[in-house]
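Text of target18.cif (mmCIF, N, CA and C atoms) as supplied:
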data_start
loop_
_atom_site.label_atom_id
_atom_site.label_comp_id
_atom_site.auth_asym_id
_atom_site.auth_seq_id
_atom_site.Cartn_x
_atom_site.Cartn_y
_atom_site.Cartn_z
N MET A 211 0.86 -1.18 0.00
CA MET A 211 0.00 0.00 0.00
C MET A 211 0.89 1.23 0.00
N SER A 212 0.55 2.19 -0.81
CA SER A 212 1.28 3.46 -0.76
C SER A 212 0.41 4.49 -0.04
N MET A 213 1.04 5.59 0.32
CA MET A 213 0.34 6.60 1.12
C MET A 213 0.68 7.98 0.59
N SER A 214 -0.11 8.95 1.02
CA SER A 214 0.17 10.34 0.68
C SER A 214 0.16 11.18 1.95
N ILE A 215 1.10 12.10 2.01
CA ILE A 215 1.28 13.00 3.16
C ILE A 215 0.60 14.32 2.82
N HIS A 216 -0.16 14.87 3.78
CA HIS A 216 -0.90 16.11 3.54
C HIS A 216 -0.55 17.16 4.59
N ALA A 217 0.02 18.26 4.14
CA ALA A 217 0.28 19.40 5.02
C ALA A 217 -1.05 20.03 5.41
N LEU A 218 -1.02 20.91 6.39
CA LEU A 218 -2.22 21.64 6.77
C LEU A 218 -2.68 22.47 5.57
N PRO A 219 -3.92 22.31 5.11
CA PRO A 219 -4.39 23.08 3.97
C PRO A 219 -4.40 24.58 4.27
N ALA A 220 -4.02 25.38 3.30
CA ALA A 220 -3.99 26.84 3.46
C ALA A 220 -5.39 27.38 3.74
N SER A 221 -6.42 26.65 3.36
CA SER A 221 -7.80 27.11 3.55
C SER A 221 -8.31 26.95 4.98
N VAL A 222 -7.58 26.24 5.82
CA VAL A 222 -8.02 26.02 7.20
C VAL A 222 -7.87 27.31 8.00
N SER A 223 -8.89 27.65 8.74
CA SER A 223 -8.90 28.87 9.54
C SER A 223 -7.95 28.74 10.74
N ILE A 224 -7.12 29.76 10.91
CA ILE A 224 -6.22 29.81 12.06
C ILE A 224 -6.66 30.98 12.94
N THR A 225 -6.94 30.70 14.21
CA THR A 225 -7.43 31.73 15.12
C THR A 225 -6.41 31.99 16.22
N HIS A 226 -6.64 33.04 16.97
CA HIS A 226 -5.78 33.39 18.11
C HIS A 226 -4.31 33.45 17.71
N ALA A 227 -4.04 33.96 16.53
CA ALA A 227 -2.69 33.91 15.97
C ALA A 227 -1.85 35.11 16.40
N ARG A 228 -0.55 34.82 16.48
CA ARG A 228 0.42 35.89 16.65
C ARG A 228 1.59 35.60 15.72
N ASP A 229 2.13 36.65 15.12
CA ASP A 229 3.23 36.54 14.18
C ASP A 229 4.49 37.13 14.78
N TRP A 230 5.64 36.59 14.36
CA TRP A 230 6.91 37.16 14.79
C TRP A 230 8.01 36.73 13.83
N LEU A 231 9.13 37.40 13.94
CA LEU A 231 10.31 37.06 13.18
C LEU A 231 11.07 36.00 13.97
N ASP A 232 11.21 34.84 13.41
CA ASP A 232 11.88 33.72 14.08
C ASP A 232 13.39 33.91 13.96
N THR A 233 14.02 34.30 15.03
CA THR A 233 15.45 34.60 14.98
C THR A 233 16.31 33.35 15.15
N GLU A 234 15.73 32.26 15.64
CA GLU A 234 16.51 31.04 15.88
C GLU A 234 16.20 29.92 14.89
N GLY A 235 14.97 29.82 14.40
CA GLY A 235 14.57 28.70 13.56
C GLY A 235 14.20 27.50 14.39
N GLY A 236 13.67 26.48 13.74
CA GLY A 236 13.36 25.22 14.42
C GLY A 236 11.90 24.97 14.71
N ALA A 237 11.01 25.92 14.41
CA ALA A 237 9.57 25.68 14.61
C ALA A 237 9.08 24.73 13.52
N GLN A 238 8.28 23.74 13.89
CA GLN A 238 7.75 22.78 12.92
C GLN A 238 6.60 23.42 12.15
N LEU A 239 6.85 23.77 10.91
CA LEU A 239 5.87 24.45 10.08
C LEU A 239 4.91 23.44 9.46
N ARG A 240 3.62 23.57 9.76
CA ARG A 240 2.63 22.63 9.25
C ARG A 240 2.20 22.95 7.83
N CYS A 241 2.56 24.12 7.31
CA CYS A 241 2.19 24.51 5.96
C CYS A 241 3.09 23.88 4.91
N CYS A 242 4.36 23.69 5.22
CA CYS A 242 5.33 23.16 4.25
C CYS A 242 6.09 21.95 4.79
N LEU A 243 5.77 21.53 6.00
CA LEU A 243 6.32 20.33 6.62
C LEU A 243 7.85 20.34 6.68
N ARG A 244 8.35 21.43 7.21
CA ARG A 244 9.78 21.54 7.49
C ARG A 244 9.95 22.45 8.69
N ASN A 245 11.16 22.47 9.25
CA ASN A 245 11.45 23.38 10.35
C ASN A 245 11.70 24.78 9.81
N SER A 246 11.28 25.77 10.59
CA SER A 246 11.53 27.15 10.18
C SER A 246 13.03 27.43 10.20
N ARG A 247 13.41 28.44 9.43
CA ARG A 247 14.80 28.87 9.38
C ARG A 247 14.91 30.24 10.02
N ALA A 248 16.05 30.51 10.60
CA ALA A 248 16.27 31.82 11.22
C ALA A 248 15.98 32.92 10.19
N GLY A 249 15.22 33.91 10.63
CA GLY A 249 14.88 35.04 9.76
C GLY A 249 13.53 34.93 9.08
N GLU A 250 12.83 33.82 9.22
CA GLU A 250 11.51 33.68 8.61
C GLU A 250 10.43 34.23 9.53
N ARG A 251 9.38 34.80 8.91
CA ARG A 251 8.22 35.24 9.68
C ARG A 251 7.31 34.04 9.91
N VAL A 252 7.00 33.79 11.19
CA VAL A 252 6.25 32.61 11.60
C VAL A 252 4.98 33.05 12.32
N ARG A 253 3.95 32.24 12.19
CA ARG A 253 2.68 32.47 12.90
C ARG A 253 2.41 31.26 13.78
N LEU A 254 2.03 31.52 15.01
CA LEU A 254 1.54 30.49 15.92
C LEU A 254 0.07 30.78 16.15
N GLY A 255 -0.77 29.78 15.89
CA GLY A 255 -2.19 29.98 16.07
C GLY A 255 -2.90 28.68 16.33
N ALA A 256 -4.17 28.77 16.64
CA ALA A 256 -5.01 27.60 16.93
C ALA A 256 -5.72 27.15 15.66
N VAL A 257 -5.78 25.84 15.48
CA VAL A 257 -6.42 25.28 14.29
C VAL A 257 -7.15 23.99 14.64
N THR A 258 -8.25 23.74 13.94
CA THR A 258 -8.95 22.46 14.00
C THR A 258 -8.71 21.79 12.66
N PRO A 259 -7.77 20.84 12.60
CA PRO A 259 -7.44 20.23 11.32
C PRO A 259 -8.58 19.38 10.78
N PRO A 260 -8.68 19.27 9.46
CA PRO A 260 -9.77 18.49 8.86
C PRO A 260 -9.63 17.00 9.14
N GLY A 261 -10.77 16.33 9.18
CA GLY A 261 -10.79 14.87 9.31
C GLY A 261 -11.58 14.37 10.49
N PRO A 262 -11.03 14.48 11.71
CA PRO A 262 -11.77 13.99 12.87
C PRO A 262 -13.09 14.74 13.05
N GLN A 263 -14.09 14.02 13.55
CA GLN A 263 -15.42 14.61 13.72
C GLN A 263 -15.87 14.50 15.17
N GLY A 264 -16.86 15.30 15.53
CA GLY A 264 -17.45 15.26 16.86
C GLY A 264 -16.43 15.56 17.93
N VAL A 265 -16.41 14.75 18.97
CA VAL A 265 -15.50 14.99 20.09
C VAL A 265 -14.03 14.80 19.70
N TYR A 266 -13.78 14.18 18.56
CA TYR A 266 -12.40 13.96 18.11
C TYR A 266 -11.86 15.12 17.28
N ALA A 267 -12.66 16.11 17.01
CA ALA A 267 -12.23 17.30 16.27
C ALA A 267 -11.57 18.27 17.24
N GLU A 268 -10.27 18.10 17.42
CA GLU A 268 -9.51 18.89 18.40
C GLU A 268 -8.99 20.18 17.80
N THR A 269 -8.92 21.21 18.64
CA THR A 269 -8.29 22.47 18.27
C THR A 269 -7.01 22.60 19.08
N GLY A 270 -5.93 22.95 18.39
CA GLY A 270 -4.66 23.08 19.08
C GLY A 270 -3.70 23.98 18.33
N PRO A 271 -2.54 24.23 18.92
CA PRO A 271 -1.57 25.15 18.33
C PRO A 271 -0.78 24.54 17.17
N VAL A 272 -0.51 25.38 16.18
CA VAL A 272 0.36 25.00 15.06
C VAL A 272 1.21 26.20 14.65
N PHE A 273 2.35 25.90 14.04
CA PHE A 273 3.19 26.93 13.43
C PHE A 273 3.02 26.85 11.92
N VAL A 274 2.91 28.02 11.28
CA VAL A 274 2.89 28.13 9.82
C VAL A 274 3.69 29.37 9.45
N HIS A 275 3.99 29.51 8.16
CA HIS A 275 4.60 30.76 7.70
C HIS A 275 3.57 31.88 7.86
N ALA A 276 4.00 33.02 8.34
CA ALA A 276 3.09 34.14 8.57
C ALA A 276 2.57 34.73 7.27
N ASP A 277 3.36 34.63 6.21
CA ASP A 277 2.98 35.26 4.94
C ASP A 277 2.66 34.23 3.86
N GLY A 278 2.31 33.02 4.26
CA GLY A 278 2.00 31.96 3.30
C GLY A 278 3.27 31.34 2.74
N CYS A 279 3.10 30.23 2.04
CA CYS A 279 4.24 29.57 1.41
C CYS A 279 3.75 28.67 0.29
N GLU A 280 4.67 28.03 -0.37
CA GLU A 280 4.36 27.17 -1.51
C GLU A 280 3.95 25.75 -1.11
N GLY A 281 4.01 25.44 0.17
CA GLY A 281 3.69 24.09 0.62
C GLY A 281 4.92 23.20 0.59
N PRO A 282 4.73 21.91 0.85
CA PRO A 282 5.86 20.99 0.92
C PRO A 282 6.61 20.90 -0.41
N GLN A 283 7.92 20.80 -0.32
CA GLN A 283 8.76 20.66 -1.51
C GLN A 283 8.88 19.21 -1.95
N TYR A 284 8.64 18.26 -1.03
CA TYR A 284 8.79 16.84 -1.32
C TYR A 284 7.54 16.11 -0.84
N PRO A 285 7.13 15.06 -1.54
CA PRO A 285 5.86 14.39 -1.20
C PRO A 285 5.91 13.41 -0.04
N GLY A 286 7.07 12.97 0.40
CA GLY A 286 7.17 11.92 1.41
C GLY A 286 7.12 12.43 2.83
N TYR A 287 7.43 11.52 3.75
CA TYR A 287 7.48 11.86 5.16
C TYR A 287 8.52 12.97 5.36
N PRO A 288 8.18 14.04 6.06
CA PRO A 288 9.08 15.19 6.20
C PRO A 288 10.38 14.85 6.94
N ASP A 289 11.49 15.01 6.28
CA ASP A 289 12.78 14.70 6.90
C ASP A 289 13.01 15.49 8.18
N ASP A 290 12.60 16.76 8.21
CA ASP A 290 12.81 17.59 9.40
C ASP A 290 12.02 17.08 10.61
N PHE A 291 11.02 16.25 10.40
CA PHE A 291 10.18 15.76 11.48
C PHE A 291 10.58 14.35 11.94
N ARG A 292 11.57 13.74 11.31
CA ARG A 292 11.96 12.36 11.65
C ARG A 292 12.64 12.24 13.01
N SER A 293 13.17 13.32 13.53
CA SER A 293 13.95 13.25 14.77
C SER A 293 13.09 13.35 16.02
N ARG A 294 11.77 13.39 15.87
CA ARG A 294 10.89 13.54 17.02
C ARG A 294 10.00 12.32 17.20
N THR A 295 9.76 11.97 18.44
CA THR A 295 8.77 10.93 18.75
C THR A 295 7.39 11.53 18.47
N VAL A 296 6.56 10.77 17.76
CA VAL A 296 5.21 11.24 17.41
C VAL A 296 4.20 10.15 17.72
N VAL A 297 2.94 10.50 17.66
CA VAL A 297 1.88 9.51 17.74
C VAL A 297 1.11 9.56 16.42
N PHE A 298 0.85 8.39 15.86
CA PHE A 298 0.00 8.27 14.68
C PHE A 298 -1.38 7.90 15.21
N ARG A 299 -2.34 8.79 15.06
CA ARG A 299 -3.72 8.51 15.48
C ARG A 299 -4.50 8.04 14.26
N ALA A 300 -5.16 6.92 14.41
CA ALA A 300 -5.93 6.32 13.31
C ALA A 300 -7.41 6.66 13.45
N TYR A 301 -8.03 7.04 12.31
CA TYR A 301 -9.44 7.41 12.27
C TYR A 301 -10.16 6.60 11.20
N ASP A 302 -11.45 6.37 11.42
CA ASP A 302 -12.25 5.68 10.42
C ASP A 302 -12.91 6.68 9.47
N GLN A 303 -13.73 6.19 8.56
CA GLN A 303 -14.39 7.04 7.56
C GLN A 303 -15.31 8.09 8.19
N ARG A 304 -15.81 7.82 9.37
CA ARG A 304 -16.71 8.77 10.05
C ARG A 304 -15.95 9.81 10.85
N GLY A 305 -14.61 9.72 10.86
CA GLY A 305 -13.80 10.66 11.63
C GLY A 305 -13.71 10.32 13.10
N GLN A 306 -13.98 9.06 13.44
CA GLN A 306 -13.90 8.59 14.81
C GLN A 306 -12.55 7.91 15.02
N ILE A 307 -11.93 8.14 16.16
CA ILE A 307 -10.63 7.54 16.43
C ILE A 307 -10.80 6.04 16.66
N VAL A 308 -9.91 5.26 16.04
CA VAL A 308 -10.00 3.80 16.14
C VAL A 308 -8.67 3.17 16.59
N GLY A 309 -7.73 3.99 17.00
CA GLY A 309 -6.45 3.46 17.46
C GLY A 309 -5.33 4.44 17.26
N GLY A 310 -4.15 3.95 17.48
CA GLY A 310 -2.99 4.78 17.30
C GLY A 310 -1.74 4.07 17.75
N GLU A 311 -0.61 4.70 17.50
CA GLU A 311 0.66 4.10 17.87
C GLU A 311 1.71 5.18 18.05
N ILE A 312 2.51 5.05 19.09
CA ILE A 312 3.65 5.95 19.28
C ILE A 312 4.76 5.48 18.36
N VAL A 313 5.37 6.43 17.65
CA VAL A 313 6.41 6.12 16.67
C VAL A 313 7.68 6.85 17.08
N GLU A 314 8.74 6.09 17.26
CA GLU A 314 10.02 6.64 17.69
C GLU A 314 10.75 7.32 16.54
N PRO A 315 11.70 8.20 16.84
CA PRO A 315 12.49 8.85 15.80
C PRO A 315 13.23 7.82 14.94
N GLY A 316 13.52 8.20 13.71
CA GLY A 316 14.26 7.33 12.82
C GLY A 316 13.75 7.40 11.41
N THR A 317 13.79 6.26 10.72
CA THR A 317 13.37 6.22 9.32
C THR A 317 12.26 5.23 9.06
N GLY A 318 11.67 4.66 10.11
CA GLY A 318 10.64 3.64 9.95
C GLY A 318 9.21 4.16 9.98
N GLN A 319 9.03 5.46 9.91
CA GLN A 319 7.68 6.03 10.01
C GLN A 319 6.75 5.54 8.90
N GLU A 320 7.27 5.42 7.69
CA GLU A 320 6.43 4.98 6.57
C GLU A 320 5.89 3.57 6.79
N ALA A 321 6.72 2.68 7.31
CA ALA A 321 6.28 1.30 7.54
C ALA A 321 5.14 1.25 8.56
N VAL A 322 5.25 2.04 9.61
CA VAL A 322 4.19 2.08 10.62
C VAL A 322 2.91 2.65 10.00
N ALA A 323 3.03 3.73 9.26
CA ALA A 323 1.85 4.34 8.63
C ALA A 323 1.18 3.37 7.67
N GLU A 324 1.96 2.70 6.85
CA GLU A 324 1.38 1.75 5.90
C GLU A 324 0.70 0.59 6.61
N ARG A 325 1.29 0.10 7.70
CA ARG A 325 0.67 -0.98 8.46
C ARG A 325 -0.67 -0.54 9.06
N LEU A 326 -0.69 0.66 9.65
CA LEU A 326 -1.95 1.17 10.22
C LEU A 326 -3.00 1.41 9.15
N LEU A 327 -2.60 1.99 8.02
CA LEU A 327 -3.55 2.26 6.94
C LEU A 327 -4.10 0.97 6.31
N ALA A 328 -3.38 -0.13 6.46
CA ALA A 328 -3.83 -1.41 5.91
C ALA A 328 -4.93 -2.04 6.76
N GLU A 329 -5.12 -1.56 7.98
CA GLU A 329 -6.19 -2.09 8.82
C GLU A 329 -7.54 -1.71 8.20
N PRO A 330 -8.50 -2.64 8.18
CA PRO A 330 -9.74 -2.40 7.44
C PRO A 330 -10.57 -1.21 7.91
N ASP A 331 -10.50 -0.85 9.18
CA ASP A 331 -11.34 0.25 9.66
C ASP A 331 -10.61 1.59 9.66
N VAL A 332 -9.38 1.66 9.20
CA VAL A 332 -8.61 2.91 9.22
C VAL A 332 -8.71 3.61 7.87
N ALA A 333 -9.19 4.85 7.89
CA ALA A 333 -9.33 5.65 6.67
C ALA A 333 -8.18 6.65 6.50
N PHE A 334 -7.66 7.19 7.62
CA PHE A 334 -6.57 8.16 7.56
C PHE A 334 -5.91 8.24 8.92
N LEU A 335 -4.75 8.88 8.95
CA LEU A 335 -3.99 9.07 10.17
C LEU A 335 -3.74 10.56 10.39
N HIS A 336 -3.66 10.95 11.63
CA HIS A 336 -3.10 12.25 12.00
C HIS A 336 -1.79 11.96 12.72
N VAL A 337 -0.76 12.69 12.36
CA VAL A 337 0.52 12.61 13.05
C VAL A 337 0.55 13.78 14.02
N ARG A 338 0.83 13.49 15.29
CA ARG A 338 0.80 14.50 16.34
C ARG A 338 2.04 14.42 17.21
N ASN A 339 2.39 15.55 17.78
CA ASN A 339 3.47 15.65 18.74
C ASN A 339 3.06 14.91 20.00
N THR A 340 3.94 14.08 20.55
CA THR A 340 3.56 13.30 21.73
C THR A 340 3.52 14.11 23.02
N VAL A 341 4.35 15.12 23.14
CA VAL A 341 4.39 15.89 24.38
C VAL A 341 3.23 16.89 24.44
N TYR A 342 3.05 17.68 23.39
CA TYR A 342 2.03 18.72 23.40
C TYR A 342 0.72 18.30 22.74
N GLY A 343 0.74 17.24 21.96
CA GLY A 343 -0.46 16.78 21.28
C GLY A 343 -0.79 17.56 20.02
N CYS A 344 0.09 18.45 19.60
CA CYS A 344 -0.16 19.30 18.44
C CYS A 344 -0.26 18.50 17.14
N TYR A 345 -1.19 18.89 16.31
CA TYR A 345 -1.33 18.31 14.97
C TYR A 345 -0.10 18.67 14.14
N MET A 346 0.42 17.69 13.39
CA MET A 346 1.56 17.94 12.50
C MET A 346 1.15 17.81 11.04
N PHE A 347 0.56 16.68 10.65
CA PHE A 347 0.09 16.50 9.28
C PHE A 347 -0.78 15.24 9.21
N ALA A 348 -1.39 15.01 8.07
CA ALA A 348 -2.26 13.85 7.86
C ALA A 348 -1.60 12.88 6.88
N VAL A 349 -1.97 11.62 7.03
CA VAL A 349 -1.51 10.58 6.11
C VAL A 349 -2.74 9.83 5.61
N HIS A 350 -2.86 9.71 4.29
CA HIS A 350 -3.99 9.01 3.66
C HIS A 350 -3.46 7.92 2.76
N PRO A 351 -4.27 6.90 2.49
CA PRO A 351 -3.86 5.95 1.46
C PRO A 351 -3.73 6.70 0.13
N ALA A 352 -2.79 6.31 -0.69
CA ALA A 352 -2.63 6.95 -2.01
C ALA A 352 -3.86 6.65 -2.85
N ALA A 353 -4.26 7.63 -3.62
CA ALA A 353 -5.46 7.48 -4.46
C ALA A 353 -5.20 6.59 -5.66
#

Now, as a test, write the supplied structure out as structure tokens.
Amino acid sequence: MSMSIHALPASVSITHARDWLDTEGGAQLRCCLRNSRAGERVRLGAVTPPGPQGVYAETGPVFVHADGCEGPQYPGYPDDFRSRTVVFRAYDQRGQIVGGEIVEPGTGQEAVAERLLAEPDVAFLHVRNTVYGCYMFAVHPAA
């Protein structure tokens, strides 16, 4: 099974936002799925990412470029995000959570995602930060 990685859509509403000039870099940008670089304008705001429904539709903090961007440069799992422990939350077609798995840093993220997506009741995954619970990106079966 192949999969597709989806950055936070530019059309998603971001509320309670504040912008600043990132002098150090390192913020995980959900718009282009890479870490910010020193000197970029960054926005931190609250977002409810698409997919989960009802009580599973969480709102939480995300970083994006303050002035928009072109989106991810590469279609695969974001290299800048491989060094962090994450949780893959699995959802069904109705947007209800049906499981999940903590994934350690490294290069095996694709294998875990493909295994979870192969389960009959799993329609998509959300990748989230394990410490803060922040949404990072979505993973869907390839069309």

- [ ] To verify the selection step, state as a ChimeraX atom specification which residues the PyMOL selection byres (((chain A and resi 226 and name CA) around 10) and name CA) yields on this input.
- [x] /A:224-225,227-228,253-257,271

Task: Matched chain/residue IDs from the PyMOL selection byres (((chain A and resi 306-315 and name CA) around 7) and name CA), as a ChimeraX atom specification - done: /A:262-263,266,292-302,304-305,316,319

Open item on the list: With the PyMOL selection byres (((chain A and resi 350 and name CA) around 12) and name CA) as the selection, what would be picked from this file? Answer as an MDAnalysis selection string, please.
Closed with: chainID A and resid 211:217 261 286:287 298:303 320 323:324 326:328 332:337 347:349 351:353

Open item on the list: When you count all atoms listed in the file, which of these residues is closest to Arg247 (chain A): A:Gly270, A:Gly281, A:Gly318, A:Gly235?
Closed with: A:Gly235

Open item on the list: as a VMD selection string, please: every residue in region 231-330 of chain A that a backbone DSSP assignment puts in strand (DSSP E or B).
Closed with: chain A and resid 231 to 232 238 to 239 244 to 245 250 to 257 270 to 275 296 to 301 307 to 313

Task: Distance criterion (all atoms listed in the file): nearest to Arg240 (chain A) out of A:Ala267, A:Asn339, A:Asp290, A:Val274 - done: A:Val274

TODO: Please give the complete set of residues from chain A that DSSP, run on the backbone, assigns to helix (DSSP H, G or I), formatted as a PyMOL selection string.
DONE: chain A and resi 264-266+289-291+319-327

TODO: For each of A:Phe291, A:Ala276, A:Glu268, A:Pro260, take the minimum atom-to-atom distance to Trp230 (chain A), counting all atoms listed in the file, then give the residue where this is smallest.
DONE: A:Ala276

Open item on the list: Can you measure atom N of Ser246 (chain A) to CA of Pro282 (chain A) for me? One decimal in Å is fine.
Closed with: 12.1 Å

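The interatomic distance for the pair CA of Gly264 (chain A) and CA of Val341 (chain A) works out to 23.1 Å.
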
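Separating atom C of Ala248 (chain A) from CA of Ser221 (chain A) is a distance of 25.4 Å.
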
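With all atoms listed in the file as the atoms that count, the residue of A:Pro259, A:Gly343, A:Pro288, A:Pro330 with the shortest distance to Ser223 (chain A) is A:Pro259.
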
Working from the structure I just supplied, which lacks atoms in region 335-344 of chain A, can you model all heavy atoms there and output them as a PDB file, in the coordinates of the input?
ATOM      1  N   LEU A 335      -4.750   8.880   8.950  1.00  0.00           N
ATOM      2  CA  LEU A 335      -3.990   9.070  10.170  1.00  0.00           C
ATOM      3  C   LEU A 335      -3.740  10.560  10.390  1.00  0.00           C
ATOM      4  O   LEU A 335      -3.588  11.307   9.426  1.00  0.00           O
ATOM      5  CB  LEU A 335      -2.624   8.382  10.096  1.00  0.00           C
ATOM      6  CG  LEU A 335      -2.574   6.920   9.702  1.00  0.00           C
ATOM      7  CD1 LEU A 335      -1.132   6.490   9.498  1.00  0.00           C
ATOM      8  CD2 LEU A 335      -3.263   6.064  10.746  1.00  0.00           C
ATOM      9  N   HIS A 336      -3.660  10.950  11.630  1.00  0.00           N
ATOM     10  CA  HIS A 336      -3.100  12.250  12.000  1.00  0.00           C
ATOM     11  C   HIS A 336      -1.790  11.960  12.720  1.00  0.00           C
ATOM     12  O   HIS A 336      -1.738  11.082  13.593  1.00  0.00           O
ATOM     13  CB  HIS A 336      -4.026  13.027  12.921  1.00  0.00           C
ATOM     14  CG  HIS A 336      -4.997  13.879  12.195  1.00  0.00           C
ATOM     15  ND1 HIS A 336      -5.782  14.805  12.834  1.00  0.00           N
ATOM     16  CD2 HIS A 336      -5.324  13.962  10.887  1.00  0.00           C
ATOM     17  CE1 HIS A 336      -6.549  15.418  11.949  1.00  0.00           C
ATOM     18  NE2 HIS A 336      -6.292  14.915  10.760  1.00  0.00           N
ATOM     19  N   VAL A 337      -0.760  12.690  12.360  1.00  0.00           N
ATOM     20  CA  VAL A 337       0.520  12.610  13.050  1.00  0.00           C
ATOM     21  C   VAL A 337       0.550  13.780  14.020  1.00  0.00           C
ATOM     22  O   VAL A 337       0.297  14.934  13.627  1.00  0.00           O
ATOM     23  CB  VAL A 337       1.687  12.667  12.053  1.00  0.00           C
ATOM     24  CG1 VAL A 337       3.018  12.640  12.788  1.00  0.00           C
ATOM     25  CG2 VAL A 337       1.587  11.511  11.056  1.00  0.00           C
ATOM     26  N   ARG A 338       0.830  13.490  15.290  1.00  0.00           N
ATOM     27  CA  ARG A 338       0.800  14.500  16.340  1.00  0.00           C
ATOM     28  C   ARG A 338       2.040  14.420  17.210  1.00  0.00           C
ATOM     29  O   ARG A 338       2.620  13.354  17.394  1.00  0.00           O
ATOM     30  CB  ARG A 338      -0.458  14.355  17.204  1.00  0.00           C
ATOM     31  CG  ARG A 338      -1.718  14.731  16.454  1.00  0.00           C
ATOM     32  CD  ARG A 338      -2.935  14.588  17.335  1.00  0.00           C
ATOM     33  NE  ARG A 338      -4.090  15.137  16.675  1.00  0.00           N
ATOM     34  CZ  ARG A 338      -4.535  16.373  16.843  1.00  0.00           C
ATOM     35  NH1 ARG A 338      -3.943  17.197  17.674  1.00  0.00           N
ATOM     36  NH2 ARG A 338      -5.605  16.794  16.208  1.00  0.00           N
ATOM     37  N   ASN A 339       2.390  15.550  17.780  1.00  0.00           N
ATOM     38  CA  ASN A 339       3.470  15.650  18.740  1.00  0.00           C
ATOM     39  C   ASN A 339       3.060  14.910  20.000  1.00  0.00           C
ATOM     40  O   ASN A 339       1.942  15.081  20.483  1.00  0.00           O
ATOM     41  CB  ASN A 339       3.736  17.133  19.016  1.00  0.00           C
ATOM     42  CG  ASN A 339       4.839  17.370  19.997  1.00  0.00           C
ATOM     43  OD1 ASN A 339       4.730  17.010  21.158  1.00  0.00           O
ATOM     44  ND2 ASN A 339       5.892  17.995  19.516  1.00  0.00           N
ATOM     45  N   THR A 340       3.940  14.080  20.550  1.00  0.00           N
ATOM     46  CA  THR A 340       3.560  13.300  21.730  1.00  0.00           C
ATOM     47  C   THR A 340       3.520  14.110  23.020  1.00  0.00           C
ATOM     48  O   THR A 340       2.741  13.816  23.910  1.00  0.00           O
ATOM     49  CB  THR A 340       4.497  12.096  21.940  1.00  0.00           C
ATOM     50  OG1 THR A 340       5.826  12.548  21.987  1.00  0.00           O
ATOM     51  CG2 THR A 340       4.322  11.075  20.860  1.00  0.00           C
ATOM     52  N   VAL A 341       4.350  15.120  23.140  1.00  0.00           N
ATOM     53  CA  VAL A 341       4.390  15.890  24.380  1.00  0.00           C
ATOM     54  C   VAL A 341       3.230  16.890  24.440  1.00  0.00           C
ATOM     55  O   VAL A 341       2.485  16.934  25.415  1.00  0.00           O
ATOM     56  CB  VAL A 341       5.745  16.616  24.536  1.00  0.00           C
ATOM     57  CG1 VAL A 341       5.736  17.516  25.761  1.00  0.00           C
ATOM     58  CG2 VAL A 341       6.875  15.607  24.629  1.00  0.00           C
ATOM     59  N   TYR A 342       3.050  17.680  23.390  1.00  0.00           N
ATOM     60  CA  TYR A 342       2.030  18.720  23.400  1.00  0.00           C
ATOM     61  C   TYR A 342       0.720  18.300  22.740  1.00  0.00           C
ATOM     62  O   TYR A 342      -0.291  18.954  22.901  1.00  0.00           O
ATOM     63  CB  TYR A 342       2.561  19.986  22.717  1.00  0.00           C
ATOM     64  CG  TYR A 342       3.783  20.549  23.409  1.00  0.00           C
ATOM     65  CD1 TYR A 342       5.041  20.441  22.833  1.00  0.00           C
ATOM     66  CD2 TYR A 342       3.681  21.174  24.646  1.00  0.00           C
ATOM     67  CE1 TYR A 342       6.163  20.953  23.472  1.00  0.00           C
ATOM     68  CE2 TYR A 342       4.803  21.681  25.286  1.00  0.00           C
ATOM     69  CZ  TYR A 342       6.035  21.566  24.693  1.00  0.00           C
ATOM     70  OH  TYR A 342       7.143  22.060  25.325  1.00  0.00           O
ATOM     71  N   GLY A 343       0.740  17.240  21.960  1.00  0.00           N
ATOM     72  CA  GLY A 343      -0.460  16.780  21.280  1.00  0.00           C
ATOM     73  C   GLY A 343      -0.790  17.560  20.020  1.00  0.00           C
ATOM     74  O   GLY A 343      -1.844  17.357  19.419  1.00  0.00           O
ATOM     75  N   CYS A 344       0.090  18.450  19.600  1.00  0.00           N
ATOM     76  CA  CYS A 344      -0.160  19.300  18.440  1.00  0.00           C
ATOM     77  C   CYS A 344      -0.260  18.500  17.140  1.00  0.00           C
ATOM     78  O   CYS A 344       0.534  17.585  16.908  1.00  0.00           O
ATOM     79  CB  CYS A 344       0.960  20.326  18.272  1.00  0.00           C
ATOM     80  SG  CYS A 344       1.312  21.289  19.734  1.00  0.00           S
TER      81      CYS A 344
END
